[in-house]
Every structure is written in structure tokens, then in C-alpha cells.
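For reference, the structure discussed in these notes is given below.
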Amino acid sequence: MHRRSLLTAALLPLATPALAAWPTRPVRIVMPSGPGSNPDILARLWAQRLSETMGQPFSVENRTGGSGIIGTEAAMNAPPDGSTVLFGFNQLVTLNPLLFRRLPYDPARMTRISLVSDSPFVMLVHESLGVRTVQEFVALAKQRPGRIVHGTGGPGSFSHLSGEILMRDAGIELLHVPHRATPRSELVAGQVQLAFEPTALAITLTQAPGSTVRALAVMGNGPEPLLPGVPVLKDIYPGFVVIVFHAIWGPQGLPEEVAQRLSAGMTALVKDPWLSERMAPLATRLIGGSPADLDAAMAQDLKLWAPVVRERDIRLD
């Protein structure tokens with residue numbers, strides 16, 4: 001056999017995976033949240049648009065339970081051939097590793113694909129407190145240590161840990177009252193005086209007719225156009241930025257070609273009018289981003305949560 005033929009034969013097994021890198025069957029998007037939730041709606045919007053623009057069917061499969069662990073495990077244990085990806089959020093890759101001693105998946109081994117969207121949290125209070133600024137709230141909380149009720153979505157949630165950071169940075173004590181999902185009804189009724197909620201819910205609660213809920217601060221990197229006039233919390237407490245971001249991850253070993261192709265396809269949709277129009281009511285910003293951008297977002301999120309989880313010794317197992 002000629003030298004060229006020998007070289008070709010030697011390289012053929014290495015070339016085969018690249019040729020078959022892009023999946024030849026529909027792509028399954030695993031969604032760890034339940035049907036009708038904000039992440040689920042986002043995932044279905046993206047699945048529809050990706051199917052139309054990438055010439056490949058995308059479908060969403062809900063795998064709920066266990067703080068998102070069940071769905072994440074299912075996606076990460078799938079064959080790394082591009083036919084299964086995870087549409088998740090930062091809790092899965094930053095909070096869960098801090099709160100659970102053992103996880104059936106390792107965020108460090110998950111293949112970063114693309115950032116999708118983000119939305120900041122908002123600090124909300126009931127009007128019965130009579131405060132209009134964060135500074136007034138902190139002053140009142142110092143007068144009433146442990147008496148202002150902080151309602152949350154449960155131990156270890158973004159809303160819970162946001163209160164822990166506020167207590168640490170402001171030097172106050174709050175009464176934590178966890179709820180199964182969100183304390184929105186109790187906040188409206190005044191049974192809860194403080195809550196931290198995503199922008200979409202904050203808009204609903206503060207702009208409803210006869211609203212009893214007031215937004216004291218946006219917890220993003222800048223002002224929120226949908227909440228005009230509401231100050232930014234990090235201007236008062238530097239580094240206090242709480243943002244939910246959504247992203248796509250793949251199993252360990254996913255070919256780089258597939259990750260880059262999916263990332264490029266998603267980034268190309270950031271300015272898509274069809275998506276923008278349908279995401280507007282969700283108060284979620286389309287951002288897109290490369291695998292490196294997603295890795296940086298994960299690192300920044302971990303930097304926020306790791307100290308408070310460690311200092312307050314918060315564990316869920």
C-alpha cells in the first residue's frame with residue numbers, strides 16, 4: 001500500500017466523528033421545569049425558531065423534580081451526539097453544587113453551548129411598611145430585628161439567598177418564611193413584607209390596579225426599562241447583582257463542532273423579531289453568547305453565591 005493510502009487509512013477513524021457530528025435525528029431539549037413555567041415557555045419558543053432556522057427538528061421534553069437535578073442528570077447522561085441538550089438556568093450549575101453535597105452530574109464536565117437570555121430579580125415590599133427606598137427599609141429593619149417577614153420560594157432558592165446577602169451586607173435580621181413556590185399571594189395580602197422576585201412577576205405585582213406592592217430596587221447591572229425610576233441595588237451594595245440566566249448545555253464529550261454550530265444558530269436569533277415579540281411579556285432579555293461567555297457567566301454567579309452559602313452554612317442535604 002502506498003504511503004498516501006496508509007496515511008488516509010490511519011486518519012479515517014478520526015475523521016468519521018466529525019463527519020457525523022451534526023445530529024441526524026431530532027434534537028431533544030430537556031427542560032427541568034414544569035410545563036407553563038417561564039423557562040418552559042422560553043425553551044418552546046427557542047425550539048420552534050431553531051427548528052425553522054437550522055433545518056433540524058427541535059422538541060422540548062419536561063423532566064421535573066429535585067431542584068432541577070432529575071432533568072439535568074437525564075440530559076448529561078445522554079449520548080454526546082448532539083441529539084440531546086439541556087435548556088437550563090444558573091441554579092443548576094452554581095447553586096445546586098453549593099447546596100447539595102452529592103450531585104449526579106458535574107457542572108465542570110458539562111459542555112457549554114450558549115447563553116440564551118437573562119432577567120434580574122427585584123426587591124419588593126408591602127406598602128404597609130411605609131418605606132419607599134432601600135435605605136428606609138434597612139433603617140426600619142434595624143428598629144425591628146427579626147420581625148419583618150421575608151417570604152421566599154424555599155430554602156436555597158435565589159429569593160432566600162438574596163435575603164441572606166441583604167442581612168449580611170446591611171447588618172439586619174429578617175424572619176425567613178419559606179413557601180412551596182412563590183410568596184406572591186402572601187406579599188399582596190401583607191402577610192409577607194419582603195420578597196425578591198424575577199422582573200416579570202415584579203411587574204405584575206407592582207403595576208396591577210390597586211397594587212399593594214412596591215419595587216424598591218432592581219437587582220441587575222443597570223436600570224430596568226420595564227420598571228422606570230426604580231433604583232439599582234448594586235449602587236447601594238456593590239456586587240449585589242442577582243440575575244437568572246438561561247442557557248444551553250450538552251453532555252460531556254459533545255463534539256466542539258456541534259456546540260459551536262448550536263451556539264452560532266442561537267446567537268443569530270438574538271435580534272429575531274419573532275422571538276423578541278413573544279419574549280417581551282416575559283420581561284426576559286435576549287442575550288445569546290458563546291461557550292466562553294456562558295463559562296464566564298457561571299463563574300460570576302458562583303462568585304456571588306459561594307460566600308453566603310458558606311458563611312450561613314446553608315445545605316439542602
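Residues in the C-alpha cells are numbered from 1 in each chain, the chains being A, B, ... in the order shown, and ligands are numbered from 1 in the order shown.
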
Neighbour list for range 151-165 of chain A as a ChimeraX atom specification, cut-off 7 Å, only C-alpha atoms, skip fewer than 4 positions in-chain:
/A:99,169,176-183,192,194-197,308

File dump, residues just selected, C-alpha atoms, as a CSV table (one decimal), in the first residue's frame:
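And here is the file that came out, result.csv:
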```csv
chain,number,residue,atom,x,y,z
A,99,LEU,CA,-26.3,23.3,48.4
A,169,ASP,CA,-24.5,43.5,53.9
A,176,HIS,CA,-37.4,33.9,56.8
A,177,VAL,CA,-40.7,32.2,55.9
A,178,PRO,CA,-40.3,29.7,53.0
A,179,HIS,CA,-43.1,28.8,50.6
A,180,ARG,CA,-43.5,25.9,48.2
A,181,ALA,CA,-43.2,28.1,45.1
A,182,THR,CA,-43.6,31.9,45.5
A,183,PRO,CA,-45.0,34.1,48.3
A,192,VAL,CA,-45.2,38.8,53.9
A,194,LEU,CA,-40.4,41.5,51.8
A,195,ALA,CA,-39.8,39.3,48.7
A,196,PHE,CA,-37.2,39.0,45.9
A,197,GLU,CA,-38.8,38.0,42.6
A,308,VAL,CA,-23.1,33.4,51.5
```

Per-residue nearest contacts range 75-134 of chain A to range 46-64 of chain A, cut-off 10 Å, using only C-alpha atoms, as a Markdown table:
```
| residue | atom | partner | partner_atom | distance |
| --- | --- | --- | --- | --- |
| A:Ala75 | CA | A:Arg63 | CA | 9.3 |
| A:Ser83 | CA | A:Phe58 | CA | 9.1 |
| A:Thr84 | CA | A:Phe58 | CA | 9.5 |
| A:Val85 | CA | A:Val60 | CA | 9.8 |
| A:Leu86 | CA | A:Val60 | CA | 9.6 |
| A:Phe87 | CA | A:Val60 | CA | 8.9 |
| A:Val116 | CA | A:Trp46 | CA | 9.0 |
```

Which residues of range 32-70 of chain A sit at most 12 Å from range 279-291 of chain A, using only C-alpha atoms? Give each one's shortest atom pair and distance in Å (one decimal place), in chain and ascending residue order, as a Markdown table.
```
| residue | atom | partner | partner_atom | distance |
| --- | --- | --- | --- | --- |
| A:Gly36 | CA | A:Leu282 | CA | 11.9 |
| A:Ser37 | CA | A:Leu282 | CA | 10.4 |
| A:Asn38 | CA | A:Leu282 | CA | 7.1 |
| A:Pro39 | CA | A:Leu282 | CA | 9.8 |
| A:Asp40 | CA | A:Leu282 | CA | 11.5 |
| A:Ile41 | CA | A:Met279 | CA | 8.9 |
| A:Leu42 | CA | A:Met279 | CA | 7.4 |
| A:Ala43 | CA | A:Met279 | CA | 10.9 |
| A:Arg44 | CA | A:Met279 | CA | 11.2 |
| A:Leu45 | CA | A:Met279 | CA | 8.3 |
| A:Trp46 | CA | A:Met279 | CA | 10.1 |
```

In terms of the shortest atom-to-atom distance over only C-alpha atoms, which of A:Met266, A:Val131, A:Ile69, A:Leu124 is closest to Phe100 in chain A?
A:Ile69

Quick one: distance from CA of Asp317 in chain A to CA of Leu304 in chain A in Å, one decimal?
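That distance, rounded to one decimal, is 21.1 Å.
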
Which neighbours of range 78-82 of chain A fall inside 7 Å, counting only C-alpha atoms, when residues of the same chain fewer than 4 positions from it are skipped, and could you give them as a VMD selection string?
chain A and resid 21 to 23 27 74 251 to 254 258

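Using only C-alpha atoms for every distance, the candidate list A:Lys303, A:Phe245, A:Met76, A:Gly88 yields A:Gly88 as the residue closest to Pro32 in chain A.
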
All strand (DSSP E) positions in range 235-268 of chain A, as a PDB file with C-alpha atoms, in the first residue's frame:
```pdb
ATOM      1  CA  ILE A 243     -29.812  37.603  37.695  1.00  0.00           C
ATOM      2  CA  VAL A 244     -31.451  34.460  36.425  1.00  0.00           C
ATOM      3  CA  PHE A 245     -29.828  33.428  33.166  1.00  0.00           C
ATOM      4  CA  HIS A 246     -30.975  30.686  30.839  1.00  0.00           C
ATOM      5  CA  ALA A 247     -28.552  28.710  28.721  1.00  0.00           C
ATOM      6  CA  ILE A 248     -27.935  25.550  26.730  1.00  0.00           C
ATOM      7  CA  TRP A 249     -25.537  22.828  27.856  1.00  0.00           C
ATOM      8  CA  GLY A 250     -24.639  19.466  26.349  1.00  0.00           C
TER       9      GLY A 250
END
```

DSSP on the backbone, then: every residue of range 6-139 of chain A marked helix (DSSP H, G or I), written as a VMD selection string.
chain A and resid 6 to 19 38 to 54 69 to 76 90 to 99 107 to 109 127 to 129 134 to 139

Between A:Ala306, A:Val93, A:Val270, A:Ala170, which is the closest to Pro238 in chain A once you count only C-alpha atoms?
A:Ala170

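When only C-alpha atoms are used to compute distances to Gly220 in chain A, the closest of the residues A:Ile172, A:Met123, A:Leu129, A:Leu201 turns out to be A:Met123.
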
Which of A:Thr94, A:Pro209, A:Glu136, A:Gly65 sits closest to Ala108 in chain A [using only C-alpha atoms]
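Once distances to Ala108 in chain A are computed over only C-alpha atoms, the minimum belongs to A:Thr94.
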
Near Leu95 in chain A, within 8 Å and counting only C-alpha atoms, which residues show up once chain neighbours fewer than 3 positions away are dropped, as a list in words?
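Near Leu95 in chain A, the qualifying residues are Asn90, Gln91, Leu92, Leu98, Leu99, Gly156, Leu302 and Trp305 of chain A.
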
Dump C-alpha atoms for the selected residues as a short mmCIF file (atom, residue, chain, number, x, y, z; two decimals), in the first residue's frame?
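To be explicit, this is the file written out as again11.cif:
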```cif
data_model
loop_
_atom_site.label_atom_id
_atom_site.label_comp_id
_atom_site.auth_asym_id
_atom_site.auth_seq_id
_atom_site.Cartn_x
_atom_site.Cartn_y
_atom_site.Cartn_z
CA ASN A 90 -27.94 29.10 36.68
CA GLN A 91 -29.37 27.39 39.77
CA LEU A 92 -28.48 24.03 38.21
CA LEU A 98 -23.09 24.57 46.68
CA LEU A 99 -26.26 23.34 48.38
CA GLY A 156 -31.71 27.58 48.96
CA LEU A 302 -20.60 31.27 41.65
CA TRP A 305 -23.35 32.70 45.96
#
```

Set the distance at 8 Å and use only C-alpha atoms: which residues neighbour range 221-232 of chain A once local chain neighbours fewer than 6 positions away are removed? I'd like the list as a PDB file with C-alpha atoms, in the first residue's frame.
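This is the output file selection-v1.pdb:
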```pdb
ATOM      1  CA  ILE A 203     -44.103  43.984  37.048  1.00  0.00           C
ATOM      2  CA  ALA A 215     -40.451  47.808  43.977  1.00  0.00           C
ATOM      3  CA  VAL A 241     -26.469  41.510  41.475  1.00  0.00           C
ATOM      4  CA  ALA A 283     -39.584  40.513  30.764  1.00  0.00           C
TER       5      ALA A 283
END
```

Rank A:Leu115, A:Ala189, A:Val125, A:Met219 by their smallest atom-to-atom distance to Ala264 in chain A, using only C-alpha atoms, and report the top residue only.
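Distance minimum relative to Ala264 in chain A lands on A:Leu115.
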